[in-house]
>>> print(open('coords16.txt').read())   # compact mmCIF, C-alpha atoms
# COMPACT_ATOMS: atom_id res chain seq x y z
CA MET A 1 101.58 126.00 80.17
CA THR A 2 98.23 124.57 79.15
CA SER A 3 96.52 125.94 82.28
CA LYS A 4 98.03 129.35 81.65
CA LYS A 5 96.71 129.37 78.09
CA ARG A 6 93.28 128.26 79.21
CA GLY A 7 93.20 130.98 81.86
CA ARG A 8 94.15 133.64 79.34
CA GLU A 9 91.32 132.56 77.03
CA THR A 10 88.85 132.80 79.92
CA VAL A 11 90.06 136.28 80.82
CA ASN A 12 89.60 137.44 77.23
CA VAL A 13 85.89 136.62 77.40
CA ASN A 14 85.00 137.48 80.99
CA GLU A 15 87.29 140.39 81.79
CA PRO A 16 87.97 142.13 78.47
CA PRO A 17 90.60 144.86 78.51
CA HIS A 18 88.56 146.66 75.87
CA PRO A 19 85.24 148.52 76.33
CA VAL A 20 82.01 146.54 76.70
CA HIS A 21 80.61 145.63 73.28
CA ASN A 22 77.36 147.30 72.24
CA VAL A 23 75.16 146.38 69.31
CA CYS A 24 72.85 149.08 67.98
CA VAL A 25 69.44 147.74 66.97
CA ARG A 26 66.43 149.31 65.29
CA PRO A 27 64.18 151.48 67.47
CA LEU A 28 61.21 149.10 67.53
CA PRO A 29 60.78 147.24 70.87
CA GLY A 30 59.99 144.05 68.95
CA GLY A 31 58.11 142.34 71.77
CA LEU A 32 60.52 143.35 74.54
CA ALA A 33 59.15 144.14 77.99
CA GLU A 34 58.89 147.71 79.22
CA SER A 35 61.15 146.90 82.16
CA TYR A 36 63.84 145.78 79.70
CA MET A 37 63.50 148.79 77.40
CA ARG A 38 63.85 151.19 80.34
CA GLY A 39 67.33 149.84 81.01
CA LEU A 40 68.69 150.46 77.50
CA GLU A 41 70.68 153.45 76.35
CA LYS A 42 69.66 155.19 73.12
CA ALA A 43 72.10 156.06 70.35
CA ASP A 44 72.05 159.48 68.65
CA ASP A 45 70.19 158.03 65.65
CA GLY A 46 67.34 156.72 67.81
CA ARG A 47 68.45 153.09 67.88
CA TYR A 48 68.99 151.25 71.16
CA LYS A 49 72.41 150.21 72.44
CA VAL A 50 72.32 146.62 73.68
CA SER A 51 75.40 145.21 75.38
CA LEU A 52 76.53 141.59 75.13
CA GLU A 53 76.37 141.20 78.90
CA TYR A 54 73.92 138.51 80.04
CA PRO A 55 71.24 140.81 81.56
CA GLN A 56 70.73 142.48 78.18
CA TYR A 57 71.66 139.74 75.71
CA TYR A 58 69.48 136.86 76.93
CA PRO A 59 66.17 138.75 77.39
CA LEU A 60 66.49 140.14 73.87
CA MET A 61 67.19 136.71 72.39
CA LYS A 62 64.17 135.24 74.16
CA ARG A 63 61.69 138.05 73.49
CA CYS A 64 62.56 140.02 70.34
CA PHE A 65 60.38 138.87 67.42
CA ILE A 66 62.57 140.58 64.77
CA PRO A 67 64.77 137.78 63.28
CA GLU A 68 67.46 140.11 61.94
CA THR A 69 67.95 141.73 65.35
CA ARG A 70 68.35 138.30 66.97
CA ARG A 71 70.74 137.18 64.22
CA LYS A 72 72.86 140.30 64.63
CA MET A 73 73.03 139.83 68.40
CA GLU A 74 73.87 136.13 68.13
CA ALA A 75 76.69 136.79 65.65
CA ALA A 76 78.17 139.50 67.87
CA PHE A 77 77.84 137.38 71.04
CA GLN A 78 79.50 134.32 69.51
CA SER A 79 82.31 136.45 68.04
CA ARG A 80 83.45 137.99 71.33
CA CYS A 81 87.25 138.21 71.47
CA LYS A 82 87.62 135.93 68.45
CA GLU A 83 90.75 137.78 67.29
CA GLU A 84 92.44 137.34 70.67
CA ASN A 85 91.24 133.80 71.36
CA THR A 86 91.52 131.96 68.04
CA SER A 87 95.31 131.61 68.15
CA ILE A 88 95.19 130.75 71.86
CA LEU A 89 92.64 127.98 71.29
CA GLU A 90 94.56 126.56 68.32
CA ARG A 91 97.71 126.40 70.45
CA LEU A 92 95.74 124.95 73.37
CA ILE A 93 94.32 122.11 71.24
CA SER A 94 97.81 121.21 70.06
CA LEU A 95 99.25 121.26 73.59
CA ARG A 96 96.42 119.17 75.01
CA ALA A 97 96.85 116.54 72.29
CA LYS A 98 100.61 116.43 72.92
CA MET A 99 100.13 116.10 76.68
CA ALA A 100 97.60 113.27 76.27
CA GLU A 101 99.99 111.39 73.96
CA LEU A 102 102.92 111.79 76.37
CA LEU A 103 100.78 110.39 79.21
CA GLY A 104 99.63 107.41 77.14
CA PHE A 105 96.08 108.51 76.32
CA ARG A 106 94.44 108.44 72.91
CA THR A 107 92.90 111.91 73.31
CA HIS A 108 92.77 114.75 75.83
CA ALA A 109 89.15 113.76 76.54
CA ASP A 110 90.29 110.26 77.54
CA TYR A 111 92.87 111.82 79.87
CA VAL A 112 90.21 114.01 81.55
CA LEU A 113 87.66 111.19 81.84
CA GLU A 114 89.97 108.57 83.37
CA MET A 115 89.28 109.79 86.91
CA ASN A 116 85.53 110.19 86.31
CA MET A 117 82.75 107.61 86.38
CA ALA A 118 82.59 107.49 82.56
CA ARG A 119 86.27 106.39 82.42
CA ASN A 120 86.77 106.94 78.66
CA THR A 121 85.30 108.48 75.51
CA ARG A 122 83.87 105.17 74.27
CA ASN A 123 81.57 104.93 77.30
CA VAL A 124 80.51 108.55 76.80
CA SER A 125 79.74 107.93 73.12
CA ARG A 126 77.68 104.83 73.91
CA PHE A 127 75.72 106.71 76.57
CA LEU A 128 75.01 109.65 74.27
CA ASP A 129 74.03 107.39 71.37
CA ALA A 130 71.57 105.46 73.57
CA PHE A 131 70.22 108.72 74.97
CA HIS A 132 69.75 110.08 71.46
CA GLU A 133 67.77 107.03 70.39
CA LYS A 134 65.42 107.36 73.36
CA LEU A 135 64.81 111.08 72.77
CA LYS A 136 64.83 111.15 68.96
CA LEU A 137 61.06 110.80 68.53
CA VAL A 138 60.24 113.41 71.18
CA GLY A 139 62.89 115.73 69.77
CA GLU A 140 61.46 115.48 66.27
CA GLN A 141 57.96 116.21 67.57
CA GLU A 142 59.20 119.31 69.40
CA ARG A 143 61.17 120.41 66.34
CA CYS A 144 58.05 120.16 64.18
CA TYR A 145 56.04 122.10 66.76
CA ILE A 146 58.62 124.91 66.84
CA LEU A 147 58.82 125.02 63.05
CA GLU A 148 55.03 125.34 62.85
CA LEU A 149 55.16 128.21 65.37
CA LYS A 150 57.81 129.89 63.25
CA ARG A 151 55.89 129.32 59.99
CA ARG A 152 52.72 130.80 61.48
CA GLU A 153 54.49 133.80 63.01
CA CYS A 154 56.47 134.55 59.85
CA GLY A 155 53.20 134.62 57.94
CA GLU A 156 51.58 136.95 60.47
CA ARG A 157 54.53 139.36 60.61
CA GLY A 158 55.48 139.26 56.94
CA TYR A 159 58.85 137.53 57.32
CA GLU A 160 60.17 134.87 54.94
CA PHE A 161 59.87 131.34 56.34
CA ASP A 162 63.01 129.32 55.53
CA GLY A 163 61.95 126.05 57.20
CA GLN A 164 64.93 126.05 59.58
CA ILE A 165 65.57 126.62 63.28
CA HIS A 166 68.69 128.77 63.54
CA ALA A 167 70.78 129.36 66.65
CA TRP A 168 69.18 132.81 67.00
CA ASP A 169 65.70 131.26 66.70
CA LEU A 170 65.93 128.68 69.47
CA PRO A 171 65.79 130.88 72.62
CA TYR A 172 62.95 132.93 71.13
CA TYR A 173 60.78 129.99 70.08
CA MET A 174 61.43 128.03 73.28
CA ASN A 175 60.00 131.06 75.06
CA ARG A 176 57.09 131.12 72.60
CA VAL A 177 56.35 127.46 73.37
CA GLU A 178 55.93 128.41 77.04
CA GLN A 179 53.58 131.23 76.06
CA VAL A 180 51.48 129.36 73.49
CA LYS A 181 51.45 125.82 74.89
CA PHE A 182 51.54 126.52 78.63
CA SER A 183 50.14 130.09 78.85
CA VAL A 184 53.20 131.37 80.75
CA ASP A 185 53.39 135.18 80.67
CA LYS A 186 56.85 136.06 81.97
CA ASP A 187 56.11 139.78 81.81
CA LYS A 188 53.48 139.21 84.47
CA LEU A 189 55.60 136.78 86.47
CA ILE A 190 58.54 139.14 86.89
CA GLU A 191 56.29 141.66 88.64
CA TYR A 192 56.22 139.25 91.60
CA PHE A 193 60.03 139.00 91.82
CA PRO A 194 61.64 142.38 92.59
CA LEU A 195 65.30 141.84 93.42
CA GLU A 196 65.08 143.32 96.91
CA VAL A 197 62.07 141.17 97.82
CA VAL A 198 63.69 138.00 96.46
CA THR A 199 66.99 138.71 98.20
CA GLU A 200 65.30 139.34 101.53
CA GLY A 201 63.18 136.20 101.13
CA LEU A 202 66.13 133.96 100.27
CA LEU A 203 68.22 135.27 103.13
CA GLY A 204 65.28 134.65 105.43
CA ILE A 205 64.94 131.04 104.27
CA TYR A 206 68.62 130.32 104.85
CA GLN A 207 68.55 131.95 108.27
CA ASP A 208 65.68 129.68 109.30
CA LEU A 209 67.22 126.54 107.79
CA LEU A 210 70.71 127.04 109.19
CA GLY A 211 69.92 128.69 112.51
CA LEU A 212 71.71 131.90 111.56
CA THR A 213 71.09 135.63 111.47
CA PHE A 214 72.44 137.82 108.66
CA GLN A 215 73.19 141.39 109.68
CA PRO A 216 74.20 144.12 107.18
CA VAL A 217 77.58 145.64 107.95
CA PRO A 218 77.45 149.45 107.74
CA LYS A 219 80.09 151.21 105.62
CA PRO A 220 81.80 147.95 104.60
CA HIS A 221 85.30 147.73 103.17
CA ALA A 222 84.25 146.78 99.62
CA TRP A 223 85.48 147.15 96.04
CA HIS A 224 82.44 149.12 94.79
CA PRO A 225 79.65 151.21 96.34
CA ASP A 226 77.03 148.73 95.06
CA VAL A 227 78.55 145.88 97.09
CA ARG A 228 76.94 144.96 100.42
CA LEU A 229 78.55 143.03 103.25
CA PHE A 230 76.68 140.80 105.72
CA SER A 231 77.79 139.28 109.00
CA ALA A 232 76.61 135.69 109.55
CA ARG A 233 75.98 134.94 113.24
CA ASP A 234 74.79 131.90 115.15
CA ALA A 235 71.17 132.62 116.08
CA ALA A 236 71.46 130.98 119.52
CA SER A 237 74.78 132.41 120.75
CA GLY A 238 75.13 135.53 118.60
CA GLU A 239 78.70 134.50 117.74
CA GLU A 240 79.93 135.74 114.36
CA ILE A 241 80.90 132.73 112.24
CA GLY A 242 81.54 134.33 108.84
CA GLN A 243 80.86 137.14 106.41
CA PHE A 244 79.66 137.37 102.82
CA TYR A 245 79.45 140.05 100.15
CA LEU A 246 76.60 140.54 97.67
CA ASP A 247 77.70 142.11 94.37
CA LEU A 248 74.58 141.84 92.25
CA HIS A 249 74.64 144.43 89.43
CA PRO A 250 76.66 144.58 86.18
CA ARG A 251 79.32 147.19 85.47
CA GLU A 252 82.16 147.56 83.01
CA GLY A 253 85.11 145.30 83.75
CA LYS A 254 83.18 143.07 86.14
CA TYR A 255 83.11 139.27 85.89
CA GLY A 256 80.34 138.48 83.42
CA HIS A 257 78.82 135.35 84.98
CA ALA A 258 77.11 134.46 88.24
CA ALA A 259 79.44 132.84 90.77
CA CYS A 260 80.33 132.46 94.43
CA PHE A 261 83.96 133.14 95.28
CA GLY A 262 85.73 132.20 98.48
CA LEU A 263 87.79 135.21 99.56
CA GLN A 264 89.15 133.95 102.87
CA PRO A 265 89.05 130.46 104.42
CA GLY A 266 87.97 129.90 107.99
CA CYS A 267 90.72 128.43 110.19
CA LEU A 268 92.42 128.61 113.56
CA LEU A 269 95.51 130.81 113.54
CA ALA A 270 98.71 130.09 115.43
CA ASP A 271 97.61 132.29 118.33
CA GLY A 272 94.37 130.29 118.69
CA ILE A 273 92.15 133.00 117.23
CA ARG A 274 89.71 131.83 114.58
CA MET A 275 89.94 133.59 111.21
CA LEU A 276 86.44 134.11 109.81
CA PRO A 277 85.55 132.69 106.39
CA VAL A 278 84.54 135.31 103.84
CA ALA A 279 82.81 134.72 100.50
CA ALA A 280 81.36 136.85 97.70
CA MET A 281 78.20 136.18 95.71
CA VAL A 282 78.58 137.81 92.29
CA ALA A 283 75.73 138.23 89.79
CA ASN A 284 74.61 140.60 87.04
CA PHE A 285 70.97 141.43 87.68
CA THR A 286 69.49 144.47 86.00
CA ARG A 287 70.16 147.63 87.96
CA PRO A 288 67.04 149.39 89.34
CA THR A 289 66.25 152.94 88.28
CA VAL A 290 64.60 155.79 90.17
CA ASP A 291 61.14 154.82 88.91
CA TRP A 292 61.57 151.10 88.08
CA PRO A 293 62.75 148.19 90.27
CA SER A 294 65.09 145.41 89.28
CA LEU A 295 62.80 142.51 88.32
CA LEU A 296 64.01 138.91 88.15
CA GLN A 297 63.05 136.31 85.57
CA HIS A 298 61.27 133.19 86.80
CA HIS A 299 62.72 129.95 85.44
>>> encode(input="coords16.txt", output="structure tokens")
Amino acid sequence: MTSKKRGRETVNVNEPPHPVHNVCVRPLPGGLAESYMRGLEKADDGRYKVSLEYPQYYPLMKRCFIPETRRKMEAAFQSRCKEENTSILERLISLRAKMAELLGFRTHADYVLEMNMARNTRNVSRFLDAFHEKLKLVGEQERCYILELKRRECGERGYEFDGQIHAWDLPYYMNRVEQVKFSVDKDKLIEYFPLEVVTEGLLGIYQDLLGLTFQPVPKPHAWHPDVRLFSARDAASGEEIGQFYLDLHPREGKYGHAACFGLQPGCLLADGIRMLPVAAMVANFTRPTVDWPSLLQHH
């Protein structure tokens, strides 16, 4: 029952039965890259529609210098499916506590940790407390540095400085630290990482490392026209040893995270024929347009 509840909560976030959420923001780019702006849809009133899918949400949170836009996006992102999930989570907490008590554990966390190296919540707490003490000085220095960045930028742009680092501030100012302290210009970096070039390069590396060749399968049996299928073959013998799908662009109703799913295990069947393993690599990289490629962030 607990697993079923947990699964339902996951589905509510990742595979919503309702349309993809969009947040309309003011028409100013606010420091966002041209490649990002090209991928946004405009509303009738001139504002931009920004979805809460990762390829649109995270770049805005890291690059938009307008605090109210970031705050609005953060509130919408953290409120996804709250109506559906609140009652499920409340019930889940109660069931987990009941299960832990029935099995003789103080908390659900103690039940989960028993089979892990940490063993119990007391060990975890001691580790985190010791870790906090070691990092406290460095953390305070970094906090002061970010606050000074925020104070300076608020003065330059005419925003009120409240002396706090909010949840919607952190991604933006962490990115600013890279720009100011380390001179990292991610707008320039992404020009070196077109999706097609990166994909071809990574496949090439794995072919060399593993002694394989990856061959595109023409007209594959796939769940969407964007999806590509590759045959993995032994480079020496040419024998096919598996297949994998690449499903790299977002669309409505698609799983919202990056993941690799096993679709079919490799095994010997009763008649002695080997069933090929099949897997799918799923991601949500920005879709290319006619005049603009899909460019990847460098982390």
>>> closest_atom_pairs(input="coords16.txt", of="segment 18-88 of chain A", to="segment 266-289 of chain A", cutoff="12 Å", atoms="all atoms listed in the file", output="CSV")
residue,atom,partner,partner_atom,distance
A:Ser35,CA,A:Thr286,CA,9.5
A:Tyr36,CA,A:Thr286,CA,8.6
A:Met37,CA,A:Thr286,CA,11.3
A:Arg38,CA,A:Thr289,CA,8.5
A:Gly39,CA,A:Thr286,CA,7.6
A:Leu40,CA,A:Thr286,CA,10.4
A:Glu53,CA,A:Asn284,CA,8.3
A:Tyr54,CA,A:Asn284,CA,7.3
A:Pro55,CA,A:Thr286,CA,6.0
A:Gln56,CA,A:Thr286,CA,8.2
A:Tyr57,CA,A:Thr286,CA,11.5
A:Tyr58,CA,A:Phe285,CA,11.8
A:Pro59,CA,A:Thr286,CA,10.9
>>> write_last_selection(input="coords16.txt", atoms="C-alpha atoms", output="mmCIF file, in the frame of the given file")
data_model
loop_
_atom_site.group_PDB
_atom_site.id
_atom_site.type_symbol
_atom_site.label_atom_id
_atom_site.label_comp_id
_atom_site.auth_asym_id
_atom_site.auth_seq_id
_atom_site.Cartn_x
_atom_site.Cartn_y
_atom_site.Cartn_z
ATOM 1 C CA SER A 35 61.150 146.900 82.160
ATOM 2 C CA TYR A 36 63.840 145.780 79.700
ATOM 3 C CA MET A 37 63.500 148.790 77.400
ATOM 4 C CA ARG A 38 63.850 151.190 80.340
ATOM 5 C CA GLY A 39 67.330 149.840 81.010
ATOM 6 C CA LEU A 40 68.690 150.460 77.500
ATOM 7 C CA GLU A 53 76.370 141.200 78.900
ATOM 8 C CA TYR A 54 73.920 138.510 80.040
ATOM 9 C CA PRO A 55 71.240 140.810 81.560
ATOM 10 C CA GLN A 56 70.730 142.480 78.180
ATOM 11 C CA TYR A 57 71.660 139.740 75.710
ATOM 12 C CA TYR A 58 69.480 136.860 76.930
ATOM 13 C CA PRO A 59 66.170 138.750 77.390
#
>>> residues_near_point(input="coords16.txt", point="(72.1, 142.1, 107.9)", cutoff="12 Å", atoms="all atoms listed in the file", output="list in words")
Thr199, Glu200, Leu203, Gly204, Gln207, Leu212, Thr213, Phe214, Gln215, Pro216, Val217, Pro218, Pro220, Arg228, Leu229, Phe230, Ser231, Ala232, Arg233, Glu240, Gln243, Phe244, Tyr245 and Leu246 of chain A
>>> atom_distance(input="coords16.txt", atom1="atom CA of Val227 of chain A", atom2="atom CA of Gly211 of chain A")
24.7 Å
>>> residues_around(input="coords16.txt", residues="Arg106 of chain A", least_positions_apart="4", cutoff="12 Å", atoms="only C-alpha atoms", output="NGL selection string")
:A and (96-102 or 110-114 or 120-122)
>>> atom_distance(input="coords16.txt", atom1="atom CA of Glu252 of chain A", atom2="atom CA of Cys81 of chain A")
15.7 Å
>>> closest_residue(input="coords16.txt", among="A:Leu147, A:Phe193, A:Met115, A:Leu52", to="Phe161 of chain A", atoms="only C-alpha atoms")
A:Leu147
>>> closest_residue(input="coords16.txt", among="A:Lys42, A:His299, A:Arg119, A:Lys82", to="Val23 of chain A", atoms="only C-alpha atoms")
A:Lys42
>>> closest_residue(input="coords16.txt", among="A:Pro67, A:Pro293, A:Gly256, A:Gly46", to="Arg157 of chain A", atoms="all atoms listed in the file")
A:Pro67
>>> atom_distance(input="coords16.txt", atom1="atom CA of Ala33 of chain A", atom2="atom CA of Asp187 of chain A")
6.5 Å
>>> residues_near_point(input="coords16.txt", point="(61.6, 139.6, 56.8)", cutoff="8 Å", atoms="all atoms listed in the file", output="VMD selection string")
chain A and resid 67 to 68 154 158 to 160
>>> residues_around(input="coords16.txt", residues="segment 131-143 of chain A", least_positions_apart="5", cutoff="9 Å", atoms="all atoms listed in the file", output="PDB file with C-alpha atoms, keeping the file's coordinate frame")
ATOM      1  CA  ARG A 126      77.680 104.830  73.910  1.00  0.00           C
ATOM      2  CA  GLU A 148      55.030 125.340  62.850  1.00  0.00           C
ATOM      3  CA  ILE A 165      65.570 126.620  63.280  1.00  0.00           C
TER       4      ILE A 165
END
>>> build_atoms(input="coords16.txt", residues="segment 161-187 of chain A", atoms="N, CA and C atoms", output="CSV table (one decimal), in the frame of the given file")
chain,number,residue,atom,x,y,z
A,161,PHE,N,59.7,132.6,55.6
A,161,PHE,CA,59.9,131.3,56.3
A,161,PHE,C,60.8,130.4,55.6
A,162,ASP,N,62.0,130.1,56.2
A,162,ASP,CA,63.0,129.3,55.5
A,162,ASP,C,63.0,127.9,55.9
A,163,GLY,N,62.1,127.5,56.8
A,163,GLY,CA,62.0,126.0,57.2
A,163,GLY,C,63.1,125.6,58.1
A,164,GLN,N,63.8,126.5,58.7
A,164,GLN,CA,64.9,126.0,59.6
A,164,GLN,C,64.8,126.7,61.0
A,165,ILE,N,65.5,126.0,61.9
A,165,ILE,CA,65.6,126.6,63.3
A,165,ILE,C,67.0,127.0,63.5
A,166,HIS,N,67.3,128.3,63.4
A,166,HIS,CA,68.7,128.8,63.5
A,166,HIS,C,69.0,128.9,65.0
A,167,ALA,N,70.3,129.2,65.3
A,167,ALA,CA,70.8,129.4,66.6
A,167,ALA,C,70.1,130.6,67.3
A,168,TRP,N,69.8,131.6,66.5
A,168,TRP,CA,69.2,132.8,67.0
A,168,TRP,C,67.7,132.7,67.1
A,169,ASP,N,67.1,131.5,66.6
A,169,ASP,CA,65.7,131.3,66.7
A,169,ASP,C,65.4,130.5,68.0
A,170,LEU,N,66.3,129.6,68.4
A,170,LEU,CA,65.9,128.7,69.5
A,170,LEU,C,65.5,129.3,70.8
A,171,PRO,N,66.3,130.3,71.3
A,171,PRO,CA,65.8,130.9,72.6
A,171,PRO,C,64.4,131.6,72.5
A,172,TYR,N,64.2,132.2,71.3
A,172,TYR,CA,63.0,132.9,71.1
A,172,TYR,C,61.8,132.0,71.1
A,173,TYR,N,61.9,130.9,70.3
A,173,TYR,CA,60.8,130.0,70.1
A,173,TYR,C,60.6,129.0,71.3
A,174,MET,N,61.6,128.8,72.0
A,174,MET,CA,61.4,128.0,73.3
A,174,MET,C,60.6,128.9,74.2
A,175,ASN,N,60.8,130.2,74.2
A,175,ASN,CA,60.0,131.1,75.1
A,175,ASN,C,58.6,131.1,74.5
A,176,ARG,N,58.4,131.1,73.2
A,176,ARG,CA,57.1,131.1,72.6
A,176,ARG,C,56.3,129.8,72.9
A,177,VAL,N,57.0,128.7,73.0
A,177,VAL,CA,56.4,127.5,73.4
A,177,VAL,C,55.7,127.6,74.8
A,178,GLU,N,56.5,128.2,75.7
A,178,GLU,CA,55.9,128.4,77.0
A,178,GLU,C,54.7,129.3,77.0
A,179,GLN,N,54.7,130.3,76.2
A,179,GLN,CA,53.6,131.2,76.1
A,179,GLN,C,52.4,130.6,75.4
A,180,VAL,N,52.6,129.9,74.3
A,180,VAL,CA,51.5,129.4,73.5
A,180,VAL,C,50.9,128.1,74.1
A,181,LYS,N,51.9,127.1,74.5
A,181,LYS,CA,51.4,125.8,74.9
A,181,LYS,C,51.1,125.8,76.4
A,182,PHE,N,51.8,126.6,77.2
A,182,PHE,CA,51.5,126.5,78.6
A,182,PHE,C,51.0,127.8,79.2
A,183,SER,N,50.7,128.8,78.4
A,183,SER,CA,50.1,130.1,78.8
A,183,SER,C,51.0,130.8,79.9
A,184,VAL,N,52.3,130.7,79.8
A,184,VAL,CA,53.2,131.4,80.8
A,184,VAL,C,53.5,132.8,80.2
A,185,ASP,N,53.1,133.8,81.0
A,185,ASP,CA,53.4,135.2,80.7
A,185,ASP,C,54.5,135.7,81.6
A,186,LYS,N,55.7,135.7,81.1
A,186,LYS,CA,56.8,136.1,82.0
A,186,LYS,C,56.9,137.5,82.3
A,187,ASP,N,56.2,138.4,81.5
A,187,ASP,CA,56.1,139.8,81.8
A,187,ASP,C,55.3,140.0,83.1
